[in-house]
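The next block is coords_1.cif, given as mmCIF, C-alpha atoms and all ligand atoms; chains and numbers go by the auth columns.
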data_structure
#
loop_
_atom_site.group_PDB
_atom_site.id
_atom_site.type_symbol
_atom_site.label_atom_id
_atom_site.label_comp_id
_atom_site.label_asym_id
_atom_site.label_seq_id
_atom_site.Cartn_x
_atom_site.Cartn_y
_atom_site.Cartn_z
_atom_site.B_iso_or_equiv
_atom_site.auth_seq_id
_atom_site.auth_asym_id
ATOM 1 C CA MET A 1 5.770 12.560 -11.128 0.00 101 A
ATOM 2 C CA ARG A 2 3.889 11.603 -7.985 0.00 102 A
ATOM 3 C CA PRO A 3 5.925 12.399 -4.842 0.00 103 A
ATOM 4 C CA ALA A 4 7.220 9.261 -3.039 0.00 104 A
ATOM 5 C CA LEU A 5 5.389 10.253 0.148 0.00 105 A
ATOM 6 C CA PHE A 6 2.006 10.166 -1.598 0.00 106 A
ATOM 7 C CA PRO A 7 0.091 6.902 -1.787 0.00 107 A
ATOM 8 C CA THR A 8 -1.225 5.853 -5.193 0.00 108 A
ATOM 9 C CA ARG A 9 -4.559 4.974 -3.589 0.00 109 A
ATOM 10 C CA LEU A 10 -6.390 5.208 -0.256 0.00 110 A
ATOM 11 C CA ALA A 11 -8.479 2.428 1.271 0.00 111 A
ATOM 12 C CA ASP A 12 -10.412 2.089 4.507 0.00 112 A
ATOM 13 C CA SER A 13 -8.659 -1.184 5.281 0.00 113 A
ATOM 14 C CA ALA A 14 -6.774 -4.122 3.743 0.00 114 A
ATOM 15 C CA TRP A 15 -10.203 -5.760 3.375 0.00 115 A
ATOM 16 C CA ASP A 16 -11.544 -2.889 1.234 0.00 116 A
ATOM 17 C CA ILE A 17 -9.124 -3.114 -1.690 0.00 117 A
ATOM 18 C CA PRO A 18 -10.320 -4.197 -5.165 0.00 118 A
ATOM 19 C CA TYR A 19 -7.793 -7.033 -5.482 0.00 119 A
ATOM 20 C CA GLU A 20 -9.457 -8.396 -8.647 0.00 120 A
ATOM 21 C CA GLU A 21 -8.765 -5.055 -10.316 0.00 121 A
ATOM 22 C CA LEU A 22 -5.085 -5.227 -9.268 0.00 122 A
ATOM 23 C CA TYR A 23 -4.822 -8.761 -10.649 0.00 123 A
ATOM 24 C CA ALA A 24 -6.432 -7.728 -13.940 0.00 124 A
ATOM 25 C CA ARG A 25 -3.767 -5.022 -14.285 0.00 125 A
ATOM 26 C CA GLY A 26 -0.961 -7.579 -13.899 0.00 126 A
ATOM 27 C CA ILE A 27 -0.225 -7.223 -10.183 0.00 127 A
ATOM 28 C CA ARG A 28 0.940 -10.580 -8.783 0.00 128 A
ATOM 29 C CA GLY A 29 2.764 -9.718 -5.547 0.00 129 A
ATOM 30 C CA LEU A 30 1.305 -8.039 -2.467 0.00 130 A
ATOM 31 C CA ILE A 31 3.515 -6.704 0.324 0.00 131 A
ATOM 32 C CA PHE A 32 1.680 -6.144 3.609 0.00 132 A
ATOM 33 C CA ASP A 33 2.685 -4.279 6.724 0.00 133 A
ATOM 34 C CA ILE A 34 1.402 -6.102 9.846 0.00 134 A
ATOM 35 C CA ASP A 35 0.922 -3.786 12.823 0.00 135 A
ATOM 36 C CA ASN A 36 -2.206 -1.676 12.474 0.00 136 A
ATOM 37 C CA THR A 37 -2.606 -2.845 8.865 0.00 137 A
ATOM 38 C CA LEU A 38 -3.606 -6.500 9.420 0.00 138 A
ATOM 39 C CA ALA A 39 -4.020 -6.526 13.228 0.00 139 A
ATOM 40 C CA PRO A 40 -3.809 -4.068 16.141 0.00 140 A
ATOM 41 C CA HIS A 41 -0.226 -3.321 17.205 0.00 141 A
ATOM 42 C CA GLY A 42 1.316 -6.504 18.687 0.00 142 A
ATOM 43 C CA ALA A 43 -1.989 -8.429 18.567 0.00 143 A
ATOM 44 C CA PRO A 44 -2.342 -11.866 16.961 0.00 144 A
ATOM 45 C CA ASP A 45 -4.620 -12.393 13.972 0.00 145 A
ATOM 46 C CA ASP A 46 -8.272 -12.774 14.954 0.00 146 A
ATOM 47 C CA GLY A 47 -8.947 -14.844 11.838 0.00 147 A
ATOM 48 C CA ARG A 48 -9.621 -11.991 9.456 0.00 148 A
ATOM 49 C CA ALA A 49 -6.054 -11.852 8.075 0.00 149 A
ATOM 50 C CA GLU A 50 -6.032 -15.644 7.690 0.00 150 A
ATOM 51 C CA ALA A 51 -9.260 -15.447 5.667 0.00 151 A
ATOM 52 C CA LEU A 52 -7.936 -12.567 3.540 0.00 152 A
ATOM 53 C CA PHE A 53 -4.678 -14.366 2.739 0.00 153 A
ATOM 54 C CA SER A 54 -6.381 -17.598 1.840 0.00 154 A
ATOM 55 C CA TYR A 55 -8.640 -15.628 -0.541 0.00 155 A
ATOM 56 C CA LEU A 56 -5.586 -13.868 -2.051 0.00 156 A
ATOM 57 C CA ARG A 57 -3.749 -17.172 -2.600 0.00 157 A
ATOM 58 C CA ALA A 58 -6.804 -18.635 -4.318 0.00 158 A
ATOM 59 C CA ALA A 59 -6.985 -15.516 -6.496 0.00 159 A
ATOM 60 C CA GLY A 60 -3.413 -16.142 -7.669 0.00 160 A
ATOM 61 C CA PHE A 61 -1.409 -13.601 -5.649 0.00 161 A
ATOM 62 C CA ARG A 62 1.874 -14.178 -3.884 0.00 162 A
ATOM 63 C CA THR A 63 2.214 -12.348 -0.576 0.00 163 A
ATOM 64 C CA CYS A 64 4.977 -11.179 1.738 0.00 164 A
ATOM 65 C CA LEU A 65 4.706 -9.532 5.151 0.00 165 A
ATOM 66 C CA LEU A 66 7.174 -6.669 5.546 0.00 166 A
ATOM 67 C CA SER A 67 7.633 -5.504 9.120 0.00 167 A
ATOM 68 C CA ASN A 68 10.146 -3.489 11.092 0.00 168 A
ATOM 69 C CA ASN A 69 9.111 -5.601 14.075 0.00 169 A
ATOM 70 C CA ARG A 70 11.115 -8.552 15.433 0.00 170 A
ATOM 71 C CA GLU A 71 11.119 -12.195 14.365 0.00 171 A
ATOM 72 C CA GLU A 72 9.097 -13.163 17.501 0.00 172 A
ATOM 73 C CA ARG A 73 6.258 -10.941 16.324 0.00 173 A
ATOM 74 C CA VAL A 74 6.458 -11.515 12.584 0.00 174 A
ATOM 75 C CA ALA A 75 7.165 -15.277 12.235 0.00 175 A
ATOM 76 C CA PRO A 76 4.074 -16.553 14.139 0.00 176 A
ATOM 77 C CA PHE A 77 1.823 -14.100 12.272 0.00 177 A
ATOM 78 C CA ALA A 78 3.298 -15.226 8.933 0.00 178 A
ATOM 79 C CA GLY A 79 2.801 -18.870 9.952 0.00 179 A
ATOM 80 C CA ARG A 80 -0.834 -18.243 10.740 0.00 180 A
ATOM 81 C CA VAL A 81 -1.581 -16.547 7.393 0.00 181 A
ATOM 82 C CA GLU A 82 0.807 -18.860 5.490 0.00 182 A
ATOM 83 C CA SER A 83 2.822 -16.046 3.937 0.00 183 A
ATOM 84 C CA ALA A 84 6.477 -15.294 3.240 0.00 184 A
ATOM 85 C CA TYR A 85 7.867 -12.544 5.471 0.00 185 A
ATOM 86 C CA VAL A 86 10.727 -10.135 6.050 0.00 186 A
ATOM 87 C CA CYS A 87 11.210 -8.941 9.654 0.00 187 A
ATOM 88 C CA ARG A 88 13.429 -6.103 10.940 0.00 188 A
ATOM 89 C CA ALA A 89 12.915 -4.719 7.449 0.00 189 A
ATOM 90 C CA GLY A 90 14.231 -1.230 8.195 0.00 190 A
ATOM 91 C CA LYS A 91 11.408 0.436 6.227 0.00 191 A
ATOM 92 C CA PRO A 92 11.548 2.895 4.467 0.00 192 A
ATOM 93 C CA ALA A 93 14.918 1.488 3.258 0.00 193 A
ATOM 94 C CA GLY A 94 14.631 -0.315 -0.082 0.00 194 A
ATOM 95 C CA ARG A 95 16.414 -3.489 1.082 0.00 195 A
ATOM 96 C CA GLY A 96 13.374 -5.133 2.696 0.00 196 A
ATOM 97 C CA TYR A 97 11.091 -4.355 -0.262 0.00 197 A
ATOM 98 C CA ARG A 98 13.637 -5.930 -2.630 0.00 198 A
ATOM 99 C CA GLN A 99 13.902 -9.022 -0.410 0.00 199 A
ATOM 100 C CA ALA A 100 10.106 -9.298 -0.395 0.00 200 A
ATOM 101 C CA MET A 101 9.948 -9.106 -4.214 0.00 201 A
ATOM 102 C CA GLU A 102 12.700 -11.723 -4.457 0.00 202 A
ATOM 103 C CA LYS A 103 10.703 -14.073 -2.213 0.00 203 A
ATOM 104 C CA MET A 104 7.587 -13.565 -4.339 0.00 204 A
ATOM 105 C CA GLY A 105 9.395 -13.592 -7.690 0.00 205 A
ATOM 106 C CA THR A 106 7.818 -10.283 -8.698 0.00 206 A
ATOM 107 C CA GLN A 107 9.068 -6.947 -10.035 0.00 207 A
ATOM 108 C CA THR A 108 8.394 -3.403 -8.836 0.00 208 A
ATOM 109 C CA SER A 109 5.850 -3.025 -11.651 0.00 209 A
ATOM 110 C CA SER A 110 3.915 -6.172 -10.622 0.00 210 A
ATOM 111 C CA THR A 111 3.936 -5.511 -6.848 0.00 211 A
ATOM 112 C CA VAL A 112 1.742 -3.386 -4.575 0.00 212 A
ATOM 113 C CA LEU A 113 2.502 -2.328 -1.002 0.00 213 A
ATOM 114 C CA ILE A 114 -0.324 -2.068 1.541 0.00 214 A
ATOM 115 C CA GLY A 115 0.405 -0.268 4.812 0.00 215 A
ATOM 116 C CA ASP A 116 -0.825 2.246 7.390 0.00 216 A
ATOM 117 C CA GLN A 117 2.187 4.556 7.769 0.00 217 A
ATOM 118 C CA ILE A 118 3.236 7.240 5.306 0.00 218 A
ATOM 119 C CA PHE A 119 6.823 7.755 6.467 0.00 219 A
ATOM 120 C CA THR A 120 7.731 4.061 6.509 0.00 220 A
ATOM 121 C CA ASP A 121 5.429 1.831 4.398 0.00 221 A
ATOM 122 C CA ILE A 122 4.366 4.325 1.729 0.00 222 A
ATOM 123 C CA TYR A 123 7.583 6.320 1.426 0.00 223 A
ATOM 124 C CA GLY A 124 9.728 3.164 1.030 0.00 224 A
ATOM 125 C CA ALA A 125 7.526 1.853 -1.781 0.00 225 A
ATOM 126 C CA GLY A 126 7.306 5.310 -3.364 0.00 226 A
ATOM 127 C CA ARG A 127 11.080 5.641 -3.558 0.00 227 A
ATOM 128 C CA LEU A 128 11.170 2.427 -5.597 0.00 228 A
ATOM 129 C CA GLY A 129 8.326 3.615 -7.831 0.00 229 A
ATOM 130 C CA MET A 130 6.063 0.849 -6.507 0.00 230 A
ATOM 131 C CA GLU A 131 2.283 1.171 -6.287 0.00 231 A
ATOM 132 C CA ARG A 132 1.262 1.818 -2.682 0.00 232 A
ATOM 133 C CA ILE A 133 -2.062 1.772 -0.883 0.00 233 A
ATOM 134 C CA LEU A 134 -2.482 3.624 2.404 0.00 234 A
ATOM 135 C CA VAL A 135 -5.031 2.080 4.768 0.00 235 A
ATOM 136 C CA LYS A 136 -6.491 3.560 7.954 0.00 236 A
ATOM 137 C CA PRO A 137 -4.752 2.216 11.088 0.00 237 A
ATOM 138 C CA ILE A 138 -6.793 -0.539 12.753 0.00 238 A
ATOM 139 C CA CYS A 139 -6.302 0.536 16.356 0.00 239 A
ATOM 140 C CA PRO A 140 -6.352 4.185 17.398 0.00 240 A
ATOM 141 C CA ARG A 141 -4.252 3.457 20.523 0.00 241 A
ATOM 142 C CA GLU A 142 -0.676 3.630 19.299 0.00 242 A
ATOM 143 C CA GLU A 143 2.804 3.995 20.720 0.00 243 A
ATOM 144 C CA ILE A 144 3.882 7.577 21.332 0.00 244 A
ATOM 145 C CA GLN A 145 6.474 7.667 18.516 0.00 245 A
ATOM 146 C CA ILE A 146 3.773 6.596 16.056 0.00 246 A
ATOM 147 C CA VAL A 147 1.261 9.098 17.470 0.00 247 A
ATOM 148 C CA LEU A 148 3.814 11.873 16.895 0.00 248 A
ATOM 149 C CA LYS A 149 4.316 10.771 13.280 0.00 249 A
ATOM 150 C CA ARG A 150 0.541 10.959 12.666 0.00 250 A
ATOM 151 C CA ILE A 151 0.662 14.784 12.875 0.00 251 A
ATOM 152 C CA PRO A 152 2.968 15.336 9.854 0.00 252 A
ATOM 153 C CA GLU A 153 1.165 12.383 8.186 0.00 253 A
ATOM 154 C CA ARG A 154 -2.040 14.413 8.292 0.00 254 A
ATOM 155 C CA LEU A 155 -0.251 17.255 6.497 0.00 255 A
ATOM 156 C CA VAL A 156 1.016 14.877 3.787 0.00 256 A
ATOM 157 C CA LEU A 157 -2.497 13.433 3.398 0.00 257 A
ATOM 158 C CA TRP A 158 -3.937 16.918 3.010 0.00 258 A
ATOM 159 C CA LEU A 159 -1.310 17.720 0.341 0.00 259 A
ATOM 160 C CA TYR A 160 -2.027 14.368 -1.354 0.00 260 A
ATOM 161 C CA ARG A 161 -5.762 15.058 -1.502 0.00 261 A
ATOM 162 C CA ARG A 162 -5.112 18.488 -2.999 0.00 262 A
ATOM 163 C CA TYR A 163 -2.685 16.905 -5.528 0.00 263 A
ATOM 164 C CA SER A 164 -5.291 14.277 -6.478 0.00 264 A
ATOM 165 C CA ARG A 165 -8.034 16.894 -6.880 0.00 265 A
ATOM 166 C CA ARG A 166 -5.802 19.010 -9.137 0.00 266 A
ATOM 167 C CA ALA A 167 -4.705 15.991 -11.175 0.00 267 A
ATOM 168 C CA GLU A 168 -8.378 15.029 -11.615 0.00 268 A
ATOM 169 C CA ALA A 169 -9.331 18.595 -12.586 0.00 269 A
ATOM 170 C CA GLY A 170 -6.443 18.629 -15.083 0.00 270 A
ATOM 171 C CA ARG A 171 -7.611 15.331 -16.554 0.00 271 A
ATOM 172 C CA ARG A 172 -11.183 16.604 -16.873 0.00 272 A
ATOM 173 C CA GLY A 173 -9.907 19.834 -18.452 0.00 273 A
ATOM 174 C CA GLY A 174 -8.013 17.753 -21.035 0.00 274 A
ATOM 175 C CA GLU A 175 -11.126 15.719 -21.776 0.00 275 A
ATOM 176 C CA ASN A 176 -13.222 18.879 -22.189 0.00 276 A
ATOM 177 C CA ARG A 177 -10.643 20.366 -24.538 0.00 277 A
ATOM 178 C CA ARG A 178 -10.634 17.155 -26.590 0.00 278 A
ATOM 179 C CA GLU A 179 -14.431 17.164 -26.705 0.00 279 A
ATOM 180 C CA ARG A 180 -14.469 20.787 -27.879 0.00 280 A
ATOM 181 C CA ARG A 181 -11.954 19.930 -30.613 0.00 281 A
ATOM 182 C CA ILE A 182 -14.118 17.024 -31.751 0.00 282 A
ATOM 183 C CA CYS A 183 -17.185 19.342 -31.789 0.00 283 A
ATOM 184 C CA ARG A 184 -15.271 21.813 -33.937 0.00 284 A
ATOM 185 C CA GLY A 185 -14.442 19.067 -36.389 0.00 285 A
ATOM 186 C CA GLY A 186 -10.954 18.275 -35.134 0.00 286 A
ATOM 187 C CA LYS A 187 -9.591 21.802 -35.653 0.00 287 A
ATOM 188 C CA LYS A 188 -7.425 23.172 -32.859 0.00 288 A
HETATM 189 MG MG MG B . 1.926 -0.396 10.651 0.00 301 B
#
Let me see the structure of the file written as structure tokens.
Amino acid sequence: MRPALFPTRLADSAWDIPYEELYARGIRGLIFDIDNTLAPHGAPDDGRAEALFSYLRAAGFRTCLLSNNREERVAPFAGRVESAYVCRAGKPAGRGYRQAMEKMGTQTSSTVLIGDQIFTDIYGAGRLGMERILVKPICPREEIQIVLKRIPERLVLWLYRRYSRRAEAGRRGGENRRERRICRGGKK
């Protein structure tokens, strides 16, 4: 099984995710981190998150912002993008993720988390067995406690890439073995 710390997918940003593909697979709820996922840390939306959320609503998704930040930060942002939200979420604890799914009326299997931090956003979703997409942080200038977490994050990312390469090689090996069996007329 995929370790909880590993994302299920990487993306350059929240704007570079194939949402249509998620929808086609039955995903209906999207949980978003805010700081450095949708806007620089503490910054208001510059219009891009508003545009993204209006597109997602039109596409049929329900959304919920999930932030460890305070109400004063989260509520105005949620108002601007017209989304449900959970503030002081205590990520990676499962409580906030469950509240978010309740608000959206979705299950773990029909929800995807999108966030920029491995040890909070990704790990919390991973522990619940939820799909999770790691995006690159928007602003490189971050608070010191986040900067310090980026060092072990790089190690996890390196391990994740190695895991993905091996899984891919294993899959290809399986395909090649199947092809050889077919060539030999189905004999093992
Ligand atoms: Mg963040």
Could you list as an mmCIF file with C-alpha atoms, keeping the file's coordinate frame every residue that has an atom within 12 Å of (-9.0, -6.2, -7.0), using the file's coordinates and counting all atoms listed in the file?
data_model
loop_
_atom_site.group_PDB
_atom_site.id
_atom_site.type_symbol
_atom_site.label_atom_id
_atom_site.label_comp_id
_atom_site.auth_asym_id
_atom_site.auth_seq_id
_atom_site.Cartn_x
_atom_site.Cartn_y
_atom_site.Cartn_z
ATOM 1 C CA ALA A 111 -8.479 2.428 1.271
ATOM 2 C CA ALA A 114 -6.774 -4.122 3.743
ATOM 3 C CA TRP A 115 -10.203 -5.760 3.375
ATOM 4 C CA ASP A 116 -11.544 -2.889 1.234
ATOM 5 C CA ILE A 117 -9.124 -3.114 -1.690
ATOM 6 C CA PRO A 118 -10.320 -4.197 -5.165
ATOM 7 C CA TYR A 119 -7.793 -7.033 -5.482
ATOM 8 C CA GLU A 120 -9.457 -8.396 -8.647
ATOM 9 C CA GLU A 121 -8.765 -5.055 -10.316
ATOM 10 C CA LEU A 122 -5.085 -5.227 -9.268
ATOM 11 C CA TYR A 123 -4.822 -8.761 -10.649
ATOM 12 C CA ALA A 124 -6.432 -7.728 -13.940
ATOM 13 C CA ARG A 125 -3.767 -5.022 -14.285
ATOM 14 C CA GLY A 126 -0.961 -7.579 -13.899
ATOM 15 C CA ILE A 127 -0.225 -7.223 -10.183
ATOM 16 C CA ARG A 128 0.940 -10.580 -8.783
ATOM 17 C CA LEU A 130 1.305 -8.039 -2.467
ATOM 18 C CA TYR A 155 -8.640 -15.628 -0.541
ATOM 19 C CA LEU A 156 -5.586 -13.868 -2.051
ATOM 20 C CA ALA A 159 -6.985 -15.516 -6.496
ATOM 21 C CA GLY A 160 -3.413 -16.142 -7.669
ATOM 22 C CA PHE A 161 -1.409 -13.601 -5.649
ATOM 23 C CA VAL A 212 1.742 -3.386 -4.575
#
Once you count only C-alpha atoms, what closest atom pair and distance in Å to one decimal does each residue of region 105-212 of chain A within 10 Å of region 237-255 of chain A have, with rows by chain and rising residue number, as CSV?
residue,atom,partner,partner_atom,distance
A:Leu105,CA,A:Glu253,CA,9.3
A:Asp112,CA,A:Pro237,CA,8.7
A:Ser113,CA,A:Ile238,CA,7.7
A:Ala114,CA,A:Ile238,CA,9.7
A:Asp135,CA,A:Ile238,CA,8.4
A:Asn136,CA,A:Ile238,CA,4.7
A:Thr137,CA,A:Pro237,CA,5.9
A:Leu138,CA,A:Ile238,CA,7.5
A:Ala139,CA,A:Ile238,CA,6.6
A:Pro140,CA,A:Cys239,CA,5.2
A:His141,CA,A:Cys239,CA,7.2
Could you spell out the hits of the PyMOL selection byres (((chain A and resi 101) around 12) and not hetatm) on the shown file, as a tab-separated table (two decimals) with C-alpha atoms, keeping the file's coordinate frame?
chain	number	residue	atom	x	y	z
A	102	ARG	CA	3.89	11.60	-7.98
A	103	PRO	CA	5.92	12.40	-4.84
A	104	ALA	CA	7.22	9.26	-3.04
A	105	LEU	CA	5.39	10.25	0.15
A	106	PHE	CA	2.01	10.17	-1.60
A	108	THR	CA	-1.23	5.85	-5.19
A	226	GLY	CA	7.31	5.31	-3.36
A	227	ARG	CA	11.08	5.64	-3.56
A	229	GLY	CA	8.33	3.62	-7.83
A	263	TYR	CA	-2.68	16.90	-5.53
A	267	ALA	CA	-4.70	15.99	-11.18
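One finds CA of Phe132 (chain A) at 14.4 Å from CA of Thr206 (chain A).
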re CA of Ser209 (chain A) and CA of Glu171 (chain A): distance 28.1 Å
*Nearest to ligand MG 301 (chain B) among A:Gly142, A:Gly147, A:Gly196, A:Gly274, with distances taken over all atoms listed in the file: which residue is it?*
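Nearest to ligand MG 301 (chain B): A:Gly142.
Rounded to one decimal, CA of Ala193 (chain A) and CA of Ser210 (chain A) lie 19.3 Å from each other.
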Can you pull out the residues contacting Ala178 (chain A)? Cut-off 12 Å, using all atoms listed in the file, and skip same-chain residues under 6 positions away; I want them as a ChimeraX atom specification. /A:132-134,138,144-145,149-150,153,163-167,171-172,184-187
Keeping C-alpha atoms for every residue in the selection just given, could you write it to a file as a PDB file, keeping the file's coordinate frame?
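File produced: result-v1.pdb:
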ATOM      1  CA  PHE A 132       1.680  -6.144   3.609  1.00  0.00           C
ATOM      2  CA  ASP A 133       2.685  -4.279   6.724  1.00  0.00           C
ATOM      3  CA  ILE A 134       1.402  -6.102   9.846  1.00  0.00           C
ATOM      4  CA  LEU A 138      -3.606  -6.500   9.420  1.00  0.00           C
ATOM      5  CA  PRO A 144      -2.342 -11.866  16.961  1.00  0.00           C
ATOM      6  CA  ASP A 145      -4.620 -12.393  13.972  1.00  0.00           C
ATOM      7  CA  ALA A 149      -6.054 -11.852   8.075  1.00  0.00           C
ATOM      8  CA  GLU A 150      -6.032 -15.644   7.690  1.00  0.00           C
ATOM      9  CA  PHE A 153      -4.678 -14.366   2.739  1.00  0.00           C
ATOM     10  CA  THR A 163       2.214 -12.348  -0.576  1.00  0.00           C
ATOM     11  CA  CYS A 164       4.977 -11.179   1.738  1.00  0.00           C
ATOM     12  CA  LEU A 165       4.706  -9.532   5.151  1.00  0.00           C
ATOM     13  CA  LEU A 166       7.174  -6.669   5.546  1.00  0.00           C
ATOM     14  CA  SER A 167       7.633  -5.504   9.120  1.00  0.00           C
ATOM     15  CA  GLU A 171      11.119 -12.195  14.365  1.00  0.00           C
ATOM     16  CA  GLU A 172       9.097 -13.163  17.501  1.00  0.00           C
ATOM     17  CA  ALA A 184       6.477 -15.294   3.240  1.00  0.00           C
ATOM     18  CA  TYR A 185       7.867 -12.544   5.471  1.00  0.00           C
ATOM     19  CA  VAL A 186      10.727 -10.135   6.050  1.00  0.00           C
ATOM     20  CA  CYS A 187      11.210  -8.941   9.654  1.00  0.00           C
TER      21      CYS A 187
END
Please, can region 169-186 of chain A be completed to N, CA and C atoms and returned as a compact mmCIF listing (two decimals), in the frame of the given file?
# COMPACT_ATOMS: atom_id res chain seq x y z
N ASN A 169 9.18 -4.91 12.79
CA ASN A 169 9.11 -5.60 14.08
C ASN A 169 10.03 -6.83 14.08
N ARG A 170 10.16 -7.45 15.26
CA ARG A 170 11.12 -8.55 15.43
C ARG A 170 10.54 -9.89 14.96
N GLU A 171 11.46 -10.83 14.78
CA GLU A 171 11.12 -12.20 14.36
C GLU A 171 10.00 -12.79 15.24
N GLU A 172 10.07 -12.57 16.57
CA GLU A 172 9.10 -13.16 17.50
C GLU A 172 7.68 -12.67 17.20
N ARG A 173 7.56 -11.48 16.69
CA ARG A 173 6.26 -10.94 16.32
C ARG A 173 5.84 -11.41 14.92
N VAL A 174 6.79 -11.34 14.00
CA VAL A 174 6.46 -11.52 12.58
C VAL A 174 6.29 -13.00 12.19
N ALA A 175 7.19 -13.87 12.67
CA ALA A 175 7.16 -15.28 12.24
C ALA A 175 5.84 -15.99 12.59
N PRO A 176 5.34 -15.87 13.84
CA PRO A 176 4.07 -16.55 14.14
C PRO A 176 2.91 -16.01 13.30
N PHE A 177 2.90 -14.70 13.08
CA PHE A 177 1.82 -14.10 12.27
C PHE A 177 1.88 -14.65 10.85
N ALA A 178 3.12 -14.72 10.30
CA ALA A 178 3.30 -15.23 8.93
C ALA A 178 2.88 -16.70 8.85
N GLY A 179 3.18 -17.46 9.91
CA GLY A 179 2.80 -18.87 9.95
C GLY A 179 1.29 -19.02 9.91
N ARG A 180 0.62 -18.18 10.67
CA ARG A 180 -0.83 -18.24 10.74
C ARG A 180 -1.49 -17.94 9.38
N VAL A 181 -0.96 -16.92 8.68
CA VAL A 181 -1.58 -16.55 7.39
C VAL A 181 -0.90 -17.25 6.21
N GLU A 182 0.09 -18.09 6.52
CA GLU A 182 0.81 -18.86 5.49
C GLU A 182 1.41 -17.95 4.42
N SER A 183 2.21 -16.99 4.88
CA SER A 183 2.82 -16.05 3.94
C SER A 183 4.33 -15.99 4.15
N ALA A 184 5.06 -15.63 3.10
CA ALA A 184 6.48 -15.29 3.24
C ALA A 184 6.57 -14.02 4.09
N TYR A 185 7.72 -13.77 4.67
CA TYR A 185 7.87 -12.54 5.47
C TYR A 185 9.30 -12.05 5.49
N VAL A 186 9.43 -10.75 5.79
CA VAL A 186 10.73 -10.14 6.05
C VAL A 186 10.55 -9.36 7.35
